[in-house]
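Have a look at query_2.txt below; it lists compact mmCIF, C-alpha atoms.
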# COMPACT_ATOMS: atom_id res chain seq x y z
CA MET H 1 38.65 -87.41 11.34
CA ALA H 2 37.06 -86.00 14.49
CA THR H 3 34.07 -88.31 13.96
CA THR H 4 36.28 -91.39 13.67
CA VAL H 5 38.00 -90.54 16.96
CA VAL H 6 34.63 -90.26 18.68
CA ASP H 7 33.52 -93.64 17.30
CA MET H 8 36.61 -95.30 18.69
CA LYS H 9 36.08 -93.66 22.04
CA ASP H 10 32.57 -95.16 22.08
CA SER H 11 33.93 -98.63 21.41
CA PHE H 12 36.50 -98.31 24.20
CA ALA H 13 33.85 -96.89 26.49
CA SER H 14 31.70 -100.01 25.96
CA GLU H 15 34.62 -102.31 26.72
CA ASN H 16 35.26 -100.15 29.78
CA ASP H 17 31.63 -100.46 30.89
CA LEU H 18 31.96 -104.25 31.05
CA LEU H 19 35.07 -103.98 33.24
CA ALA H 20 33.43 -101.28 35.38
CA ALA H 21 30.42 -103.55 35.95
CA LYS H 22 32.80 -106.25 37.23
CA LEU H 23 34.48 -103.74 39.54
CA LYS H 24 31.10 -102.67 40.89
CA GLU H 25 30.25 -106.31 41.66
CA GLN H 26 33.58 -106.73 43.44
CA PHE H 27 33.12 -103.50 45.45
CA ARG H 28 29.59 -104.54 46.39
CA GLU H 29 30.80 -107.94 47.63
CA GLN H 30 33.52 -106.25 49.69
CA ASP H 31 31.22 -103.51 51.07
CA VAL H 32 33.32 -100.76 49.49
CA PHE H 33 31.75 -97.41 48.61
CA VAL H 34 33.59 -95.67 45.78
CA VAL H 35 33.82 -91.94 45.12
CA ASN H 36 35.23 -90.67 41.80
CA ILE H 37 36.61 -87.12 42.14
CA LEU H 38 36.80 -85.07 38.94
CA GLY H 39 38.13 -81.58 38.30
CA THR H 40 40.60 -79.70 36.15
CA ALA H 41 44.33 -79.44 36.89
CA GLY H 42 44.82 -77.29 39.98
CA ALA H 43 41.16 -77.24 41.06
CA GLY H 44 42.16 -78.40 44.53
CA LYS H 45 41.02 -82.04 44.28
CA THR H 46 43.64 -83.40 46.68
CA THR H 47 43.12 -80.70 49.32
CA PHE H 48 39.35 -81.23 49.05
CA LEU H 49 39.83 -84.97 49.48
CA ILE H 50 42.00 -84.53 52.58
CA GLU H 51 39.46 -82.18 54.21
CA LEU H 52 36.54 -84.41 53.20
CA LEU H 53 38.13 -87.49 54.82
CA GLU H 54 38.82 -85.40 57.94
CA ALA H 55 35.16 -84.33 58.12
CA LEU H 56 33.74 -87.73 57.18
CA ARG H 57 36.03 -89.89 59.33
CA PRO H 58 35.17 -93.18 57.62
CA ARG H 59 35.88 -96.37 59.58
CA ARG H 60 38.42 -97.38 56.94
CA SER H 61 39.45 -95.57 53.78
CA TYR H 62 41.72 -95.92 50.76
CA VAL H 63 42.71 -93.44 48.09
CA ILE H 64 43.81 -93.96 44.49
CA GLU H 65 45.57 -90.95 42.98
CA GLY H 66 45.50 -90.59 39.19
CA ASP H 67 48.15 -88.43 37.52
CA ILE H 68 49.93 -88.22 34.20
CA ALA H 69 53.24 -88.18 36.09
CA SER H 70 54.65 -87.81 39.64
CA ASN H 71 53.73 -89.19 43.07
CA ILE H 72 53.32 -85.74 44.63
CA ASP H 73 49.73 -86.20 45.80
CA THR H 74 50.19 -89.78 47.01
CA ASP H 75 53.24 -88.70 49.02
CA THR H 76 51.20 -85.84 50.56
CA LEU H 77 48.38 -88.21 51.52
CA ARG H 78 50.74 -90.83 52.95
CA ARG H 79 52.48 -88.23 55.10
CA LEU H 80 49.02 -87.62 56.60
CA GLY H 81 48.61 -91.34 57.31
CA ILE H 82 46.15 -91.91 54.47
CA ASP H 83 46.44 -95.28 52.69
CA ALA H 84 47.09 -93.94 49.17
CA TYR H 85 48.17 -95.56 45.87
CA GLN H 86 49.36 -93.89 42.69
CA ILE H 87 48.38 -94.55 39.08
CA ASN H 88 50.52 -92.75 36.50
CA THR H 89 48.91 -92.89 33.08
CA GLY H 90 51.89 -91.54 31.11
CA GLY H 91 49.85 -89.47 28.69
CA THR H 92 46.33 -90.89 28.96
CA CYS H 93 43.87 -88.16 29.99
CA HIS H 94 41.56 -90.30 32.16
CA LEU H 95 41.54 -93.30 34.44
CA ASN H 96 39.66 -96.35 33.21
CA ALA H 97 38.28 -99.49 34.83
CA ALA H 98 41.27 -101.58 33.70
CA MET H 99 43.73 -99.24 35.43
CA VAL H 100 41.68 -99.27 38.63
CA GLY H 101 41.31 -103.07 38.47
CA GLY H 102 45.08 -103.35 38.02
CA ILE H 103 46.01 -101.33 41.08
CA LEU H 104 43.31 -102.99 43.21
CA GLU H 105 45.28 -106.23 42.89
CA ARG H 106 48.12 -104.55 44.78
CA MET H 107 45.92 -102.83 47.38
CA ARG H 108 44.29 -105.70 49.27
CA ILE H 109 41.30 -103.63 50.26
CA GLU H 110 39.38 -104.79 53.30
CA GLY H 111 35.74 -103.73 53.52
CA PRO H 112 33.63 -102.19 54.86
CA ALA H 113 35.51 -99.16 53.55
CA LEU H 114 35.42 -95.97 51.55
CA LEU H 115 37.56 -95.79 48.41
CA ALA H 116 38.17 -92.31 46.99
CA ILE H 117 39.66 -92.10 43.50
CA GLU H 118 41.12 -88.81 42.30
CA ASN H 119 40.89 -88.82 38.53
CA ILE H 120 43.27 -87.20 36.00
CA GLY H 121 43.07 -83.41 36.08
CA ASN H 122 40.77 -82.26 33.30
CA LEU H 123 37.05 -81.72 32.77
CA ILE H 124 36.74 -83.74 29.58
CA CYS H 125 38.11 -87.27 29.16
CA PRO H 126 37.24 -88.79 32.58
CA VAL H 127 33.53 -88.15 31.96
CA GLU H 128 33.11 -91.12 29.63
CA TYR H 129 34.86 -93.69 31.80
CA ASP H 130 32.99 -95.44 34.58
CA ILE H 131 35.63 -96.71 37.02
CA GLY H 132 33.20 -98.61 39.24
CA GLU H 133 32.21 -95.60 41.33
CA ASN H 134 29.01 -95.16 43.33
CA VAL H 135 29.11 -91.41 42.99
CA ARG H 136 30.99 -88.65 41.17
CA LEU H 137 32.04 -85.44 42.87
CA VAL H 138 32.98 -82.60 40.53
CA VAL H 139 35.35 -80.02 41.99
CA SER H 140 35.42 -76.57 40.35
CA SER H 141 37.55 -73.81 41.86
CA VAL H 142 36.67 -70.12 42.09
CA PRO H 143 39.68 -68.80 40.10
CA GLU H 144 38.67 -70.98 37.11
CA GLY H 145 35.67 -68.69 36.63
CA SER H 146 31.93 -69.28 36.75
CA ASP H 147 31.58 -70.16 33.05
CA LYS H 148 32.88 -73.72 33.41
CA PRO H 149 29.43 -75.43 33.39
CA TYR H 150 28.72 -73.74 30.05
CA LYS H 151 32.09 -74.68 28.53
CA TYR H 152 32.35 -78.25 29.91
CA PRO H 153 28.74 -79.38 30.28
CA ALA H 154 29.15 -83.17 30.30
CA VAL H 155 31.15 -83.40 33.51
CA PHE H 156 28.54 -81.37 35.39
CA GLN H 157 25.73 -83.47 33.91
CA THR H 158 27.13 -86.66 35.47
CA ALA H 159 27.96 -85.13 38.87
CA GLY H 160 26.33 -86.53 42.02
CA ALA H 161 27.41 -83.31 43.72
CA VAL H 162 29.36 -80.23 42.67
CA VAL H 163 31.87 -78.61 45.01
CA ILE H 164 33.06 -75.04 44.52
CA THR H 165 36.54 -74.87 46.07
CA LYS H 166 38.80 -71.94 47.04
CA THR H 167 35.86 -69.69 47.96
CA ASP H 168 38.29 -67.58 50.03
CA LEU H 169 39.45 -66.17 46.66
CA ILE H 170 36.01 -64.78 45.71
CA PRO H 171 36.99 -61.23 46.79
CA TYR H 172 40.00 -61.24 44.45
CA VAL H 173 38.64 -62.72 41.20
CA ASP H 174 35.57 -62.52 38.96
CA PHE H 175 33.35 -65.39 40.02
CA ASP H 176 29.59 -65.09 39.77
CA VAL H 177 28.09 -67.76 42.05
CA ASP H 178 24.61 -67.23 40.54
CA ASN H 179 25.91 -67.70 37.01
CA PHE H 180 27.75 -70.88 38.04
CA THR H 181 24.70 -72.23 39.87
CA LYS H 182 22.40 -71.43 36.95
CA GLY H 183 24.79 -73.27 34.61
CA VAL H 184 24.91 -76.38 36.79
CA ARG H 185 21.13 -76.33 37.38
CA SER H 186 20.39 -76.22 33.65
CA LEU H 187 22.45 -79.40 33.20
CA ASN H 188 21.78 -81.20 36.45
CA PRO H 189 18.79 -80.12 38.52
CA ALA H 190 19.41 -82.67 41.30
CA ALA H 191 23.07 -82.27 42.30
CA PRO H 192 23.70 -80.21 45.42
CA ILE H 193 26.30 -77.45 45.02
CA PHE H 194 28.61 -77.00 48.00
CA GLN H 195 31.04 -74.16 48.68
CA VAL H 196 34.28 -74.86 50.53
CA THR H 197 37.66 -73.38 51.36
CA ARG H 198 40.42 -75.15 53.20
CA LYS H 199 40.58 -72.04 55.39
CA GLU H 200 37.25 -72.99 57.03
CA GLU H 201 37.02 -76.62 58.08
CA ALA H 202 33.34 -76.26 58.96
CA GLY H 203 32.43 -75.92 55.27
CA PHE H 204 33.28 -79.56 54.64
CA ALA H 205 30.72 -80.92 57.14
CA PRO H 206 27.73 -80.50 54.75
CA VAL H 207 29.63 -82.36 52.01
CA ALA H 208 30.49 -85.12 54.48
CA ASP H 209 26.84 -85.31 55.63
CA TRP H 210 25.64 -85.57 52.05
CA LEU H 211 28.19 -88.28 51.21
CA ARG H 212 27.39 -90.20 54.42
CA ALA H 213 23.73 -90.28 53.36
CA ARG H 214 24.74 -91.68 49.92
CA VAL H 215 26.89 -94.36 51.59
CA ARG H 216 24.00 -95.38 53.87
CA GLU H 217 21.59 -95.64 50.96
CA ILE H 218 23.75 -98.41 49.54
CA TYR H 219 25.25 -99.92 52.70
CA PRO H 220 22.68 -99.06 55.42
CA THR H 221 24.15 -101.32 58.10
CA LYS H 222 27.87 -101.52 57.38
CA GLY H 223 29.03 -98.48 59.36
CA ILE H 224 31.38 -97.32 56.56
CA ALA H 225 30.87 -93.67 57.44
CA MET A 1 44.03 -101.61 27.09
CA ALA A 2 45.89 -98.42 27.95
CA THR A 3 48.65 -99.45 25.54
CA THR A 4 46.19 -99.96 22.68
CA VAL A 5 44.75 -96.48 23.22
CA VAL A 6 48.22 -94.98 23.04
CA ASP A 7 48.95 -96.83 19.78
CA MET A 8 45.81 -95.43 18.20
CA LYS A 9 46.69 -91.95 19.34
CA ASP A 10 50.06 -92.32 17.62
CA SER A 11 48.41 -93.32 14.37
CA PHE A 12 46.04 -90.34 14.50
CA ALA A 13 48.92 -88.09 15.42
CA SER A 14 50.81 -89.16 12.27
CA GLU A 15 47.78 -88.48 10.08
CA ASN A 16 47.49 -85.14 11.87
CA ASP A 17 51.15 -84.34 11.18
CA LEU A 18 50.56 -84.62 7.44
CA LEU A 19 47.62 -82.21 7.61
CA ALA A 20 49.58 -79.87 9.90
CA ALA A 21 52.45 -79.79 7.40
CA LYS A 22 49.97 -78.70 4.71
CA LEU A 23 48.63 -75.98 7.00
CA LYS A 24 52.15 -74.76 7.68
CA GLU A 25 52.77 -74.50 3.93
CA GLN A 26 49.54 -72.55 3.50
CA PHE A 27 50.36 -70.19 6.40
CA ARG A 28 53.86 -69.63 5.03
CA GLU A 29 52.48 -68.73 1.59
CA GLN A 30 50.02 -66.30 3.19
CA ASP A 31 52.60 -64.76 5.56
CA VAL A 32 50.62 -65.84 8.61
CA PHE A 33 52.39 -66.42 11.94
CA VAL A 34 50.49 -68.88 14.15
CA VAL A 35 50.50 -69.06 17.95
CA ASN A 36 48.98 -72.09 19.72
CA ILE A 37 47.89 -71.22 23.27
CA LEU A 38 47.64 -74.11 25.72
CA GLY A 39 46.53 -74.23 29.35
CA THR A 40 44.08 -75.95 31.65
CA ALA A 41 40.43 -74.90 32.05
CA GLY A 42 40.29 -71.55 33.81
CA ALA A 43 44.00 -70.75 33.49
CA GLY A 44 43.14 -67.38 31.95
CA LYS A 45 44.00 -68.15 28.32
CA THR A 46 41.44 -65.75 26.82
CA THR A 47 42.33 -62.85 29.13
CA PHE A 48 46.01 -63.46 28.40
CA LEU A 49 45.29 -63.44 24.66
CA ILE A 50 43.37 -60.16 24.85
CA GLU A 51 46.16 -58.46 26.81
CA LEU A 52 48.84 -59.93 24.55
CA LEU A 53 47.15 -58.59 21.40
CA GLU A 54 46.80 -55.23 23.12
CA ALA A 55 50.54 -55.17 23.92
CA LEU A 56 51.65 -56.60 20.58
CA ARG A 57 49.33 -54.58 18.32
CA PRO A 58 49.86 -56.73 15.21
CA ARG A 59 49.03 -55.12 11.86
CA ARG A 60 46.27 -57.68 11.35
CA SER A 61 45.17 -60.52 13.61
CA TYR A 62 42.71 -63.38 13.79
CA VAL A 63 41.74 -65.66 16.65
CA ILE A 64 40.37 -69.21 16.67
CA GLU A 65 38.74 -70.21 19.96
CA GLY A 66 38.60 -73.91 20.79
CA ASP A 67 36.01 -75.11 23.31
CA ILE A 68 34.04 -78.24 24.03
CA ALA A 69 30.87 -76.13 24.06
CA SER A 70 29.72 -72.47 24.07
CA ASN A 71 30.74 -69.30 22.20
CA ILE A 72 31.51 -67.37 25.39
CA ASP A 73 35.12 -66.53 24.56
CA THR A 74 34.49 -65.75 20.90
CA ASP A 75 31.66 -63.39 21.91
CA THR A 76 33.98 -61.68 24.41
CA LEU A 77 36.68 -61.21 21.76
CA ARG A 78 34.24 -59.94 19.12
CA ARG A 79 32.84 -57.38 21.54
CA LEU A 80 36.41 -56.06 21.74
CA GLY A 81 36.59 -55.84 17.95
CA ILE A 82 38.82 -58.92 17.57
CA ASP A 83 38.17 -61.07 14.50
CA ALA A 84 37.39 -64.33 16.31
CA TYR A 85 36.01 -67.71 15.19
CA GLN A 86 34.74 -70.58 17.33
CA ILE A 87 35.44 -74.30 17.08
CA ASN A 88 33.27 -76.48 19.32
CA THR A 89 34.64 -80.00 19.51
CA GLY A 90 31.66 -81.57 21.28
CA GLY A 91 33.68 -83.85 23.50
CA THR A 92 37.10 -84.02 21.84
CA CYS A 93 39.80 -82.84 24.24
CA HIS A 94 42.08 -81.11 21.71
CA LEU A 95 42.04 -79.23 18.44
CA ASN A 96 43.62 -80.96 15.46
CA ALA A 97 44.86 -79.84 12.06
CA ALA A 98 41.66 -80.99 10.34
CA MET A 99 39.49 -78.82 12.59
CA VAL A 100 41.73 -75.80 12.01
CA GLY A 101 41.79 -76.46 8.25
CA GLY A 102 38.01 -76.67 8.27
CA ILE A 103 37.42 -73.33 9.96
CA LEU A 104 40.12 -71.60 7.87
CA GLU A 105 37.91 -72.17 4.82
CA ARG A 106 35.33 -69.90 6.44
CA MET A 107 37.79 -67.28 7.66
CA ARG A 108 39.33 -65.87 4.47
CA ILE A 109 42.52 -64.86 6.22
CA GLU A 110 44.54 -62.12 4.54
CA GLY A 111 48.24 -62.03 5.36
CA PRO A 112 50.54 -60.68 6.54
CA ALA A 113 48.80 -61.47 9.83
CA LEU A 114 49.02 -63.06 13.23
CA LEU A 115 46.71 -66.00 13.96
CA ALA A 116 46.27 -66.94 17.62
CA ILE A 117 44.57 -70.26 18.37
CA GLU A 118 43.29 -70.94 21.87
CA ASN A 119 43.27 -74.68 22.32
CA ILE A 120 40.85 -76.81 24.40
CA GLY A 121 41.33 -76.30 28.13
CA ASN A 122 43.53 -79.06 29.47
CA LEU A 123 47.24 -79.78 29.83
CA ILE A 124 47.20 -83.21 28.22
CA CYS A 125 45.55 -83.96 24.87
CA PRO A 126 46.52 -80.83 22.87
CA VAL A 127 50.23 -81.63 23.34
CA GLU A 128 50.28 -84.34 20.68
CA TYR A 129 48.49 -82.38 17.96
CA ASP A 130 50.40 -79.96 15.76
CA ILE A 131 47.84 -77.52 14.37
CA GLY A 132 50.25 -75.75 12.05
CA GLU A 133 51.60 -73.36 14.70
CA ASN A 134 54.93 -71.57 14.67
CA VAL A 135 55.09 -71.44 18.43
CA ARG A 136 53.30 -72.76 21.52
CA LEU A 137 52.61 -70.62 24.54
CA VAL A 138 51.73 -72.52 27.71
CA VAL A 139 49.65 -70.58 30.23
CA SER A 140 49.72 -71.76 33.86
CA SER A 141 47.89 -69.79 36.54
CA VAL A 142 49.05 -69.17 40.10
CA PRO A 143 46.03 -70.77 41.86
CA GLU A 144 46.68 -74.06 40.02
CA GLY A 145 49.79 -74.49 42.15
CA SER A 146 53.47 -74.70 41.32
CA ASP A 147 53.52 -78.50 40.90
CA LYS A 148 52.01 -78.47 37.41
CA PRO A 149 55.31 -78.96 35.49
CA TYR A 150 55.93 -82.12 37.55
CA LYS A 151 52.42 -83.49 37.02
CA TYR A 152 51.97 -82.55 33.33
CA PRO A 153 55.52 -82.57 31.94
CA ALA A 154 54.84 -82.98 28.21
CA VAL A 155 53.03 -79.68 27.70
CA PHE A 156 55.90 -77.77 29.31
CA GLN A 157 58.46 -79.69 27.23
CA THR A 158 56.93 -78.44 23.97
CA ALA A 159 56.43 -74.83 25.10
CA GLY A 160 58.15 -72.00 23.21
CA ALA A 161 57.41 -69.86 26.26
CA VAL A 162 55.63 -70.37 29.57
CA VAL A 163 53.40 -67.67 31.03
CA ILE A 164 52.45 -67.63 34.71
CA THR A 165 49.09 -65.82 34.89
CA LYS A 166 47.12 -64.35 37.82
CA THR A 167 50.25 -63.37 39.75
CA ASP A 168 48.13 -60.88 41.72
CA LEU A 169 46.86 -63.97 43.61
CA ILE A 170 50.31 -64.98 44.88
CA PRO A 171 49.66 -63.40 48.33
CA TYR A 172 46.53 -65.52 48.81
CA VAL A 173 47.57 -69.00 47.67
CA ASP A 174 50.49 -71.42 47.96
CA PHE A 175 52.55 -70.89 44.84
CA ASP A 176 56.30 -71.37 44.92
CA VAL A 177 57.75 -69.55 41.90
CA ASP A 178 61.14 -71.23 42.40
CA ASN A 179 59.60 -74.69 42.47
CA PHE A 180 57.61 -73.93 39.31
CA THR A 181 60.67 -72.49 37.54
CA LYS A 182 62.82 -75.46 38.56
CA GLY A 183 60.15 -77.82 37.18
CA VAL A 184 59.97 -76.03 33.83
CA ARG A 185 63.77 -75.72 33.59
CA SER A 186 64.27 -79.45 34.10
CA LEU A 187 61.97 -80.13 31.14
CA ASN A 188 62.70 -77.18 28.91
CA PRO A 189 65.89 -75.21 29.52
CA ALA A 190 65.27 -72.73 26.68
CA ALA A 191 61.72 -71.44 27.18
CA PRO A 192 61.44 -68.05 28.86
CA ILE A 193 59.04 -67.91 31.82
CA PHE A 194 56.96 -64.75 32.03
CA GLN A 195 54.78 -63.55 34.92
CA VAL A 196 51.62 -61.57 34.19
CA THR A 197 48.41 -60.34 35.76
CA ARG A 198 45.64 -58.53 33.98
CA LYS A 199 45.84 -55.97 36.76
CA GLU A 200 49.19 -54.72 35.41
CA GLU A 201 49.24 -54.14 31.67
CA ALA A 202 52.99 -53.49 31.70
CA GLY A 203 53.68 -57.16 32.44
CA PHE A 204 52.53 -58.15 28.96
CA ALA A 205 55.14 -56.03 27.14
CA PRO A 206 58.00 -58.54 27.65
CA VAL A 207 55.80 -61.36 26.30
CA ALA A 208 54.89 -59.20 23.30
CA ASP A 209 58.58 -58.34 22.71
CA TRP A 210 59.55 -61.99 22.84
CA LEU A 211 56.75 -62.97 20.43
CA ARG A 212 57.60 -60.09 18.08
CA ALA A 213 61.17 -61.42 17.89
CA ARG A 214 59.85 -64.90 17.00
CA VAL A 215 57.62 -63.44 14.28
CA ARG A 216 60.56 -61.51 12.80
CA GLU A 217 62.76 -64.59 12.75
CA ILE A 218 60.32 -66.17 10.33
CA TYR A 219 58.91 -63.12 8.54
CA PRO A 220 61.69 -60.52 8.88
CA THR A 221 60.25 -58.04 6.39
CA LYS A 222 56.49 -58.51 6.53
CA GLY A 223 55.66 -56.12 9.35
CA ILE A 224 53.26 -58.55 11.00
CA ALA A 225 54.09 -57.27 14.49

For the structure just supplied, provide its representation as structure tokens.
Amino acid sequence: MATTVVDMKDSFASENDLLAAKLKEQFREQDVFVVNILGTAGAGKTTFLIELLEALRPRRSYVIEGDIASNIDTDTLRRLGIDAYQINTGGTCHLNAAMVGGILERMRIEGPALLAIENIGNLICPVEYDIGENVRLVVSSVPEGSDKPYKYPAVFQTAGAVVITKTDLIPYVDFDVDNFTKGVRSLNPAAPIFQVTRKEEAGFAPVADWLRARVREIYPTKGIA
Amino acid sequence: MATTVVDMKDSFASENDLLAAKLKEQFREQDVFVVNILGTAGAGKTTFLIELLEALRPRRSYVIEGDIASNIDTDTLRRLGIDAYQINTGGTCHLNAAMVGGILERMRIEGPALLAIENIGNLICPVEYDIGENVRLVVSSVPEGSDKPYKYPAVFQTAGAVVITKTDLIPYVDFDVDNFTKGVRSLNPAAPIFQVTRKEEAGFAPVADWLRARVREIYPTKGIA
């Protein structure tokens, strides 16, 4: 039975890839750079996103928030003046290209712009679904423990960058930075690994610099960020 | 497309229910009480399980560890003398009755006994899959934030009990116990909500007492725990 489920996932993933390719074409035409943010429930994805936008200060930005239920994160972002839109999947454990395409019709994005998409909170299902992104950021928080790359390898394999959040908690929990780094490196030699805490704004500047460089690789003259 | 995925899930869930019913029959014949432990990645499920077994001291116990990859948790448990077995799902985001049935063939369980099953780390997929359990414990850790019941309602709806872990971190993070409790209560008026930290063993006694009462409801004379 497990094998059958996997086969079906593959078939859906292929259908998704076609839709994602169309999204990518649309984003390219509009000069929109897309970041897909992955992490487990409670990893601090929304806080990271807020601080990242603050450090990056893109010329124009949009956010899509993915959740099973609630508008909590979208409401938080809107209160901060961020142009945010909510997808509630009901019970589906990942966003897909069709969901993103659907909400884009309501968003009227104007490029050049940055679009950040916060995926559904888990380290498993979102991995297989391209949602038209240019880059994936994987957020992993200190209290989760440093064994996550070993237990959830695929999400770290596809990361453009890995961000360790809540580093202010290192004194209070078991988190072995070397063990975490070794785990990520064995799966993904290229991705930089950043360390941040919302208690030190300065920590987000290196992530913003890295992302700005990725944006300029693809849109060198558009002034997105 | 999202709708089609949900339909398929339902069909698999029904097939799973038939297998789960068979497992339940088998467990009942063997006098085995089964606990299904759910929580996101890094919520502290394994630490909770170790402390719970220590507080409960069942006459005989077995553990099944579910993970996408690695034997880290099973190795930890075995080093403590706990009879643990690993299921690696590859990429599947939940255990199902077929997987549990498969590993049971290798385990040669002798009842009366307690069987604790740690599910795959996420708050979404495991909800729909009965794996023959008598009760579900949902583990939610303080650093995840108190909004989890609002964002992932289904897992809290099906909980027999909810356990807030890592309460020693409350001074260092935003976690509103009242908000969390209100969220759980609105979904599940009956489930007790426990608070634990591995730094205070005594906190696990009330969880053990509650579980012992559940075991005795079903196996009043077997002396399982």

- Query: Closest to Pro126 in chain H among H:Ala98, H:Val155, H:Ile109, H:Ala43, using all atoms listed in the file?
  - Reply: H:Val155

With all atoms of range 148-162 of chain A from the file as input, state the centre and edge lengths in Å to one decimal of the axis-aligned box that has 8 Å extra on each side, as lines of an AutoDock Vina configuration file.
center_x = 55.2
center_y = -76.7
center_z = 30.4
size_x = 22.5
size_y = 29.6
size_z = 30.3

- Message: Give me the residues near range 57-63 of chain A as a PyMOL selection string, where near means some atom within 8 Å (using only C-alpha atoms) and where sequence neighbours in that chain fewer than 6 positions away do not count.
- Response: chain A and resi 82-85+109+111-118+223-225

Quick one: residues within 12 Å of Ala202 in chain H, only C-alpha atoms, excluding same-chain residues fewer than 5 positions away - as a compact mmCIF listing (two decimals) with C-alpha atoms, keeping the file's coordinate frame?
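File produced: part.txt:
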# COMPACT_ATOMS: atom_id res chain seq x y z
CA GLU H 51 39.46 -82.18 54.21
CA LEU H 52 36.54 -84.41 53.20
CA GLU H 54 38.82 -85.40 57.94
CA ALA H 55 35.16 -84.33 58.12
CA LEU H 56 33.74 -87.73 57.18
CA PHE H 194 28.61 -77.00 48.00
CA GLN H 195 31.04 -74.16 48.68
CA VAL H 196 34.28 -74.86 50.53
CA THR H 197 37.66 -73.38 51.36
CA VAL H 207 29.63 -82.36 52.01
CA ALA H 208 30.49 -85.12 54.48
CA ASP H 209 26.84 -85.31 55.63

- What gap, in Å, lies between CA of Thr221 in chain A and CA of Glu133 in chain A?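 So the two atoms, CA of Thr221 in chain A and CA of Glu133 in chain A, lie 19.5 Å apart.
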
- Could you write out as an MDAnalysis selection string the residues of chain H within 6 Å of chain A, counting only C-alpha atoms? chainID H and resid 42 69:70 122 144 151

- Query: From the list A:Asn134, A:Thr47, A:Ser14, A:Gln26, which residue is nearest Asp174 in chain H when using all atoms listed in the file?
  - Reply: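 Selected residue with least distance to Asp174 in chain H: A:Thr47.
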
- Message: So, with only C-alpha atoms as the atoms that count, which of A:Val162, A:Asn119, A:Ile170, A:Phe175 lies closest to Trp210 in chain A?
- Response: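 Nearest to Trp210 in chain A: A:Val162.
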
- Query: Do you have the CA of Val135 in chain A-CA of Asp178 in chain A distance handy?
  - Reply: 24.7 Å

- Message: When you look at Gly132 in chain A with a cut-off of 8 Å (counting all atoms listed in the file), what residues show up, excluding the ones that are within fewer than 4 positions of it in the same chain? I need them as a PyMOL selection string.
- Response: chain A and resi 20-24+27+34+97

Store the residues picked out above in a file with C-alpha atoms, as a PDB file, in the frame of the given file.
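Writing done, so here's again-v6.pdb:
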ATOM      1  CA  ALA A  20      49.580 -79.870   9.900  1.00  0.00           C
ATOM      2  CA  ALA A  21      52.450 -79.790   7.400  1.00  0.00           C
ATOM      3  CA  LYS A  22      49.970 -78.700   4.710  1.00  0.00           C
ATOM      4  CA  LEU A  23      48.630 -75.980   7.000  1.00  0.00           C
ATOM      5  CA  LYS A  24      52.150 -74.760   7.680  1.00  0.00           C
ATOM      6  CA  PHE A  27      50.360 -70.190   6.400  1.00  0.00           C
ATOM      7  CA  VAL A  34      50.490 -68.880  14.150  1.00  0.00           C
ATOM      8  CA  ALA A  97      44.860 -79.840  12.060  1.00  0.00           C
TER       9      ALA A  97
END

- Could you jot down the CA of Ser186 in chain A to CA of Val138 in chain A separation for me, Å, one decimal place?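 These two atoms are separated by 15.7 Å.
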